Amino acid sequence: MNNDRLYERYQRQIILQGFGAEAQQKLLSASVLVIGAGGLGCPVLQYLTAAGVGSIGIVDDDVVALSNLHRQVLYNVQMIGKSKASCAVDVLQQLNPQVRFTVYNERLTNKNAATILSAFDVVIDGSDNFATRYLVNDACVLLNKSLIYGAVSQYEGQVAVFNMQQKNDHSANYRDLFPHPPKEGEVLNCAEAGVLGVLPGIIGSMMANETIKLITGTGKLLVNRLLTYNTQNNQTYELEITARAETRSLIPATEAALLQTDYEWLCSSATVVNEIDANTFNTIIAEGTAAIVDVREKDELPEITEFNHLQISLSRLEQHTEWLTEETIVVFCLSGKRSAQAAKQLTELFGVSKKIYSLKGGIQQWMLEQQQTV
Amino acid sequence: MMRVEVLFFGKLVDIAGASLVLNNVTSTDELLEQLRLQYPALAAERYIVAVDKKTITGNTALSENCTVALLPPFSGG
């Protein structure tokens with residue numbers, strides 16, 4: 001690609017007063033990590049790819065679903081069931097073949113966050129849950145990365161630029177705004193609350209705009225400010241946020257401390273299935289206070305006579321949860337697959353009011369280990 | 001009598017409407033107490049409070065014609 005073609009591609013922004021070839025060069029040399037290739041991630045990725053950001057990483061472990069298409073405009077019906085991050089790159093590479101893409105087909109966790117984030121200059125949070133949002137914020141503070149934040153709910157969106165290096169200090173971050181993660185059920189997610197398709201389009205475009213301004217050093221950023229936008233009445237409202245000393249104590253101070261922080265638990269992002277091994281299973285049975293439930297279909301083999309248990313098959317579980325009055329519930333099946341699903345259903349239903357476990361490896365594995373220990 | 005405008009965001013709008021005016025509160029603690037009496041469902045919600053567009057962390061005195069905003073966190077993306 002020669003310089004003439006490069007100039008032609010970016011000509012409309014290069015000729016802007018206050019932008020020019022210098023700003024374009026900064027974009028071409030920049031690297032950006034986009035977390036979440038969903039409603040916010042799609043417009044962010046489209047505009048940053050089009051604008052000529054040199055290197056873009058995409059983190060998303062999800063696949064395209066039909067219910068995504070009303071807002072996640074990079075995808076089409078042919079892509080349903082396929083990896084979002086990979087599909088996004090296929091489309092974006094056509095838009096701008098010069099951009100280097102790195103695909104992370106995985107969920108961002110406290111284990112991989114430091115490694116993935118370290119490889120990029122700027123981080124953009126387009127995730128859809130609090131566990132990831134707090135993890136991304138804390139990792140950015142820890143690793144000294146600027147964070148472009150955006151979030152949506154129903155008809156409203158929020159945008160801000162967090163943790164910008166300023167002289168000897170950093171600007172406000174997400175925890176200066178919302179210090180502690182909410183617990184499950186306290187705040188609705190998109191699936192529960194709904195979202196108008198164009199809203200993440202608007203908020204994601206604002207995030208792309210802040211990113212371009214940050215990289216090129218142009219304009220005034222939403223630093224120490226949170227912008228809210230309402231699609232119903234087109235009203236914006238800007239709040240001033242102050243970086244507070246006490247926020248630092250909420251954020252892991254080292255990478256080792258980050259590894260020790262369980263974000264899924266902090267935010268009770270539900271749907272995390274607690275699996276236990278045969279030993280723990282035996283201990284719980286011995287204690288005798290938990291409900292032990294076989295979620296296989298009736299008369300499935302092998303028949304279990306070694307311990308007392310209920311039989312409620314996975315397909316009937318939701319209709320019979322009133323039978324489960326115990327504080328601790330342990331579900332099992334043959335291999336551990338159906339019981340994991342059952343544990344997920346029950347965790348979603350009971351939240352933190354009950355302890356719910358699934359026997360890992362199922363009764364198969366359990367029987368094997370009993371034989372070995374005899 | 002002191003006039004204070006209260007703005008609600010996100011899901012809080014479903015509970016209390018987009019905005020209302022209170023006439024007899026002098027601090028944010030008093031204001032929140034009165035709102036919780038008027039809208040018991042607010043007690044179960046999480047939000048931050050801003051007075052005249054500045055986020056606050058503790059009880060804050062209110063002045064004539066000030067605006068108080070209640071803003072919940074959003075997670076959607």
# chains A, B, ... in the order shown; residues from 1 in each chain; ligands from 1
>>> residues_around(residues="region 6-11 of chain B", least_positions_apart="4", cutoff="8 Å", atoms="only C-alpha atoms", output="list in words")
Ser153, Gln154, Tyr155 and Glu156 of chain A; Ile15, Ala16, Gly17, Ala18, Ser19, Leu20, Val21, Leu22, Thr67, Val68, Ala69, Leu70, Leu71, Pro72 and Phe74 of chain B
>>> interface_residues(of="chain A", to="chain B", cutoff="9 Å", atoms="only C-alpha atoms", output="NGL selection string")
:A and (36-41 or 125-130 or 133 or 150-158 or 177-178 or 182 or 186-191 or 193 or 195 or 200 or 204 or 228 or 237-242)
>>> write_last_selection(atoms="C-alpha atoms", output="PDB file, in the first residue's frame")
ATOM      1  CA  GLY A  36     -16.928  -7.189  23.906  1.00  0.00           C
ATOM      2  CA  ALA A  37     -17.908  -7.331  20.229  1.00  0.00           C
ATOM      3  CA  GLY A  38     -21.596  -6.740  20.929  1.00  0.00           C
ATOM      4  CA  GLY A  39     -23.888  -3.723  20.691  1.00  0.00           C
ATOM      5  CA  LEU A  40     -21.208  -1.226  21.722  1.00  0.00           C
ATOM      6  CA  GLY A  41     -18.260  -3.156  20.295  1.00  0.00           C
ATOM      7  CA  ASP A 125     -14.994  -1.505  27.535  1.00  0.00           C
ATOM      8  CA  GLY A 126     -18.035  -2.611  25.560  1.00  0.00           C
ATOM      9  CA  SER A 127     -18.793  -5.572  27.814  1.00  0.00           C
ATOM     10  CA  ASP A 128     -22.276  -6.488  29.017  1.00  0.00           C
ATOM     11  CA  ASN A 129     -21.834  -7.437  32.670  1.00  0.00           C
ATOM     12  CA  PHE A 130     -20.533  -5.941  35.895  1.00  0.00           C
ATOM     13  CA  ARG A 133     -16.594  -4.019  33.858  1.00  0.00           C
ATOM     14  CA  GLY A 150     -19.629   3.027  27.665  1.00  0.00           C
ATOM     15  CA  ALA A 151     -22.760   1.285  28.945  1.00  0.00           C
ATOM     16  CA  VAL A 152     -26.414   1.178  27.953  1.00  0.00           C
ATOM     17  CA  SER A 153     -29.745   0.265  29.475  1.00  0.00           C
ATOM     18  CA  GLN A 154     -33.198   0.574  27.935  1.00  0.00           C
ATOM     19  CA  TYR A 155     -33.199   4.109  26.441  1.00  0.00           C
ATOM     20  CA  GLU A 156     -30.137   5.569  28.173  1.00  0.00           C
ATOM     21  CA  GLY A 157     -26.398   5.372  27.768  1.00  0.00           C
ATOM     22  CA  GLN A 158     -23.294   6.467  29.676  1.00  0.00           C
ATOM     23  CA  LEU A 177     -18.236   6.662  40.291  1.00  0.00           C
ATOM     24  CA  PHE A 178     -19.570   3.295  41.466  1.00  0.00           C
ATOM     25  CA  PRO A 182     -23.835  -4.540  42.565  1.00  0.00           C
ATOM     26  CA  GLU A 186     -29.946  -5.402  41.813  1.00  0.00           C
ATOM     27  CA  VAL A 187     -29.433  -4.098  38.308  1.00  0.00           C
ATOM     28  CA  LEU A 188     -31.058  -5.418  35.161  1.00  0.00           C
ATOM     29  CA  ASN A 189     -29.003  -6.525  32.172  1.00  0.00           C
ATOM     30  CA  CYS A 190     -29.970  -5.978  28.522  1.00  0.00           C
ATOM     31  CA  ALA A 191     -31.645  -9.356  28.249  1.00  0.00           C
ATOM     32  CA  ALA A 193     -34.374  -4.762  30.672  1.00  0.00           C
ATOM     33  CA  VAL A 195     -32.409  -2.102  24.747  1.00  0.00           C
ATOM     34  CA  PRO A 200     -25.550   1.200  21.535  1.00  0.00           C
ATOM     35  CA  GLY A 204     -20.548   3.123  20.710  1.00  0.00           C
ATOM     36  CA  THR A 228     -25.462  10.359  29.927  1.00  0.00           C
ATOM     37  CA  TYR A 237     -26.603  15.202  31.327  1.00  0.00           C
ATOM     38  CA  GLU A 238     -22.986  15.522  32.377  1.00  0.00           C
ATOM     39  CA  LEU A 239     -21.746  14.702  35.844  1.00  0.00           C
ATOM     40  CA  GLU A 240     -18.441  15.730  37.326  1.00  0.00           C
ATOM     41  CA  ILE A 241     -16.501  12.829  38.874  1.00  0.00           C
ATOM     42  CA  THR A 242     -13.578  13.284  41.245  1.00  0.00           C
TER      43      THR A 242
END
>>> select_by_dssp(residues="region 9-165 of chain A", states="strand (DSSP E or B)", output="PDB file with N, CA and C atoms, in the first residue's frame")
ATOM      1  N   SER A  31      -2.520   1.142  19.076  1.00  0.00           N
ATOM      2  CA  SER A  31      -3.131  -0.179  19.271  1.00  0.00           C
ATOM      3  C   SER A  31      -4.234  -0.055  20.316  1.00  0.00           C
ATOM      4  N   VAL A  32      -5.347  -0.697  20.025  1.00  0.00           N
ATOM      5  CA  VAL A  32      -6.556  -0.555  20.839  1.00  0.00           C
ATOM      6  C   VAL A  32      -7.136  -1.938  21.110  1.00  0.00           C
ATOM      7  N   LEU A  33      -7.566  -2.162  22.349  1.00  0.00           N
ATOM      8  CA  LEU A  33      -8.215  -3.424  22.691  1.00  0.00           C
ATOM      9  C   LEU A  33      -9.703  -3.169  22.933  1.00  0.00           C
ATOM     10  N   VAL A  34     -10.552  -3.888  22.205  1.00  0.00           N
ATOM     11  CA  VAL A  34     -11.999  -3.736  22.370  1.00  0.00           C
ATOM     12  C   VAL A  34     -12.531  -4.970  23.105  1.00  0.00           C
ATOM     13  N   ILE A  35     -13.076  -4.742  24.295  1.00  0.00           N
ATOM     14  CA  ILE A  35     -13.598  -5.850  25.090  1.00  0.00           C
ATOM     15  C   ILE A  35     -15.107  -5.928  24.881  1.00  0.00           C
ATOM     16  N   SER A  55      -3.588  -1.260  15.037  1.00  0.00           N
ATOM     17  CA  SER A  55      -3.737  -2.616  15.552  1.00  0.00           C
ATOM     18  C   SER A  55      -4.932  -2.677  16.499  1.00  0.00           C
ATOM     19  N   ILE A  56      -5.811  -3.658  16.284  1.00  0.00           N
ATOM     20  CA  ILE A  56      -7.025  -3.770  17.098  1.00  0.00           C
ATOM     21  C   ILE A  56      -7.160  -5.195  17.628  1.00  0.00           C
ATOM     22  N   GLY A  57      -7.311  -5.315  18.943  1.00  0.00           N
ATOM     23  CA  GLY A  57      -7.584  -6.617  19.562  1.00  0.00           C
ATOM     24  C   GLY A  57      -9.054  -6.697  19.903  1.00  0.00           C
ATOM     25  N   ILE A  58      -9.634  -7.891  19.756  1.00  0.00           N
ATOM     26  CA  ILE A  58     -11.057  -8.075  20.062  1.00  0.00           C
ATOM     27  C   ILE A  58     -11.195  -9.247  21.033  1.00  0.00           C
ATOM     28  N   VAL A  59     -11.786  -8.995  22.203  1.00  0.00           N
ATOM     29  CA  VAL A  59     -12.026 -10.064  23.170  1.00  0.00           C
ATOM     30  C   VAL A  59     -13.519 -10.338  23.249  1.00  0.00           C
ATOM     31  N   VAL A  63     -21.033 -16.282  20.809  1.00  0.00           N
ATOM     32  CA  VAL A  63     -21.352 -16.535  19.408  1.00  0.00           C
ATOM     33  C   VAL A  63     -22.549 -15.670  18.996  1.00  0.00           C
ATOM     34  N   SER A  83     -18.416 -17.632  16.125  1.00  0.00           N
ATOM     35  CA  SER A  83     -17.704 -16.732  17.043  1.00  0.00           C
ATOM     36  C   SER A  83     -17.843 -15.277  16.610  1.00  0.00           C
ATOM     37  N   ARG A 100      -4.176  -4.471  11.601  1.00  0.00           N
ATOM     38  CA  ARG A 100      -3.795  -5.782  12.155  1.00  0.00           C
ATOM     39  C   ARG A 100      -4.776  -6.138  13.266  1.00  0.00           C
ATOM     40  N   PHE A 101      -5.423  -7.293  13.123  1.00  0.00           N
ATOM     41  CA  PHE A 101      -6.391  -7.718  14.135  1.00  0.00           C
ATOM     42  C   PHE A 101      -5.844  -8.878  14.957  1.00  0.00           C
ATOM     43  N   THR A 102      -6.147  -8.862  16.245  1.00  0.00           N
ATOM     44  CA  THR A 102      -5.832 -10.004  17.093  1.00  0.00           C
ATOM     45  C   THR A 102      -7.145 -10.452  17.732  1.00  0.00           C
ATOM     46  N   VAL A 103      -7.473 -11.740  17.536  1.00  0.00           N
ATOM     47  CA  VAL A 103      -8.735 -12.266  18.046  1.00  0.00           C
ATOM     48  C   VAL A 103      -8.495 -13.026  19.356  1.00  0.00           C
ATOM     49  N   TYR A 104      -9.245 -12.677  20.376  1.00  0.00           N
ATOM     50  CA  TYR A 104      -9.233 -13.443  21.632  1.00  0.00           C
ATOM     51  C   TYR A 104     -10.620 -14.045  21.795  1.00  0.00           C
ATOM     52  N   VAL A 122      -4.604   1.456  24.427  1.00  0.00           N
ATOM     53  CA  VAL A 122      -5.878   1.969  24.935  1.00  0.00           C
ATOM     54  C   VAL A 122      -6.863   0.805  25.054  1.00  0.00           C
ATOM     55  N   VAL A 123      -7.679   0.828  26.099  1.00  0.00           N
ATOM     56  CA  VAL A 123      -8.654  -0.237  26.314  1.00  0.00           C
ATOM     57  C   VAL A 123     -10.065   0.352  26.201  1.00  0.00           C
ATOM     58  N   ILE A 124     -10.947  -0.379  25.529  1.00  0.00           N
ATOM     59  CA  ILE A 124     -12.326   0.072  25.360  1.00  0.00           C
ATOM     60  C   ILE A 124     -13.264  -0.977  25.950  1.00  0.00           C
ATOM     61  N   ASP A 125     -14.095  -0.560  26.888  1.00  0.00           N
ATOM     62  CA  ASP A 125     -14.994  -1.505  27.535  1.00  0.00           C
ATOM     63  C   ASP A 125     -16.385  -1.444  26.914  1.00  0.00           C
ATOM     64  N   SER A 146      -5.377   3.889  29.767  1.00  0.00           N
ATOM     65  CA  SER A 146      -6.583   4.702  29.659  1.00  0.00           C
ATOM     66  C   SER A 146      -7.729   3.803  29.226  1.00  0.00           C
ATOM     67  N   LEU A 147      -8.919   4.080  29.774  1.00  0.00           N
ATOM     68  CA  LEU A 147     -10.081   3.227  29.516  1.00  0.00           C
ATOM     69  C   LEU A 147     -11.229   4.063  28.972  1.00  0.00           C
ATOM     70  N   ILE A 148     -11.715   3.663  27.798  1.00  0.00           N
ATOM     71  CA  ILE A 148     -12.913   4.303  27.248  1.00  0.00           C
ATOM     72  C   ILE A 148     -14.098   3.457  27.687  1.00  0.00           C
ATOM     73  N   TYR A 149     -14.998   4.070  28.431  1.00  0.00           N
ATOM     74  CA  TYR A 149     -16.112   3.355  29.029  1.00  0.00           C
ATOM     75  C   TYR A 149     -17.432   3.752  28.366  1.00  0.00           C
ATOM     76  N   GLY A 150     -18.278   2.760  28.129  1.00  0.00           N
ATOM     77  CA  GLY A 150     -19.629   3.027  27.665  1.00  0.00           C
ATOM     78  C   GLY A 150     -20.548   1.931  28.177  1.00  0.00           C
ATOM     79  N   ALA A 151     -21.793   2.284  28.496  1.00  0.00           N
ATOM     80  CA  ALA A 151     -22.760   1.285  28.945  1.00  0.00           C
ATOM     81  C   ALA A 151     -24.153   1.767  28.575  1.00  0.00           C
ATOM     82  N   VAL A 152     -25.054   0.814  28.344  1.00  0.00           N
ATOM     83  CA  VAL A 152     -26.414   1.178  27.953  1.00  0.00           C
ATOM     84  C   VAL A 152     -27.438   0.386  28.758  1.00  0.00           C
ATOM     85  N   SER A 153     -28.622   0.970  28.881  1.00  0.00           N
ATOM     86  CA  SER A 153     -29.745   0.265  29.475  1.00  0.00           C
ATOM     87  C   SER A 153     -31.029   0.918  28.982  1.00  0.00           C
ATOM     88  N   GLN A 154     -31.903   0.108  28.459  1.00  0.00           N
ATOM     89  CA  GLN A 154     -33.198   0.574  27.935  1.00  0.00           C
ATOM     90  C   GLN A 154     -33.036   1.732  26.937  1.00  0.00           C
ATOM     91  N   GLU A 156     -31.184   4.654  27.719  1.00  0.00           N
ATOM     92  CA  GLU A 156     -30.137   5.569  28.173  1.00  0.00           C
ATOM     93  C   GLU A 156     -28.752   4.961  28.062  1.00  0.00           C
ATOM     94  N   GLY A 157     -27.782   5.827  27.833  1.00  0.00           N
ATOM     95  CA  GLY A 157     -26.398   5.372  27.768  1.00  0.00           C
ATOM     96  C   GLY A 157     -25.486   6.267  28.573  1.00  0.00           C
ATOM     97  N   GLN A 158     -24.314   5.722  28.932  1.00  0.00           N
ATOM     98  CA  GLN A 158     -23.294   6.467  29.676  1.00  0.00           C
ATOM     99  C   GLN A 158     -21.960   6.345  28.934  1.00  0.00           C
ATOM    100  N   VAL A 159     -21.203   7.420  28.882  1.00  0.00           N
ATOM    101  CA  VAL A 159     -19.865   7.409  28.261  1.00  0.00           C
ATOM    102  C   VAL A 159     -18.897   8.171  29.156  1.00  0.00           C
ATOM    103  N   ALA A 160     -17.656   7.685  29.236  1.00  0.00           N
ATOM    104  CA  ALA A 160     -16.618   8.414  29.976  1.00  0.00           C
ATOM    105  C   ALA A 160     -15.243   7.901  29.562  1.00  0.00           C
ATOM    106  N   VAL A 161     -14.231   8.693  29.863  1.00  0.00           N
ATOM    107  CA  VAL A 161     -12.836   8.262  29.684  1.00  0.00           C
ATOM    108  C   VAL A 161     -12.235   8.165  31.078  1.00  0.00           C
ATOM    109  N   PHE A 162     -11.787   6.969  31.444  1.00  0.00           N
ATOM    110  CA  PHE A 162     -11.272   6.741  32.796  1.00  0.00           C
ATOM    111  C   PHE A 162      -9.757   6.583  32.817  1.00  0.00           C
ATOM    112  N   GLN A 165      -3.697   9.416  32.342  1.00  0.00           N
ATOM    113  CA  GLN A 165      -2.511   9.923  33.041  1.00  0.00           C
ATOM    114  C   GLN A 165      -2.529  11.453  32.971  1.00  0.00           C
TER     115      GLN A 165
END
>>> closest_residue(among="A:Ile202, A:Ala208, A:Asn76, A:Val53", to="Asn234 (chain A)", atoms="only C-alpha atoms")
A:Ile202
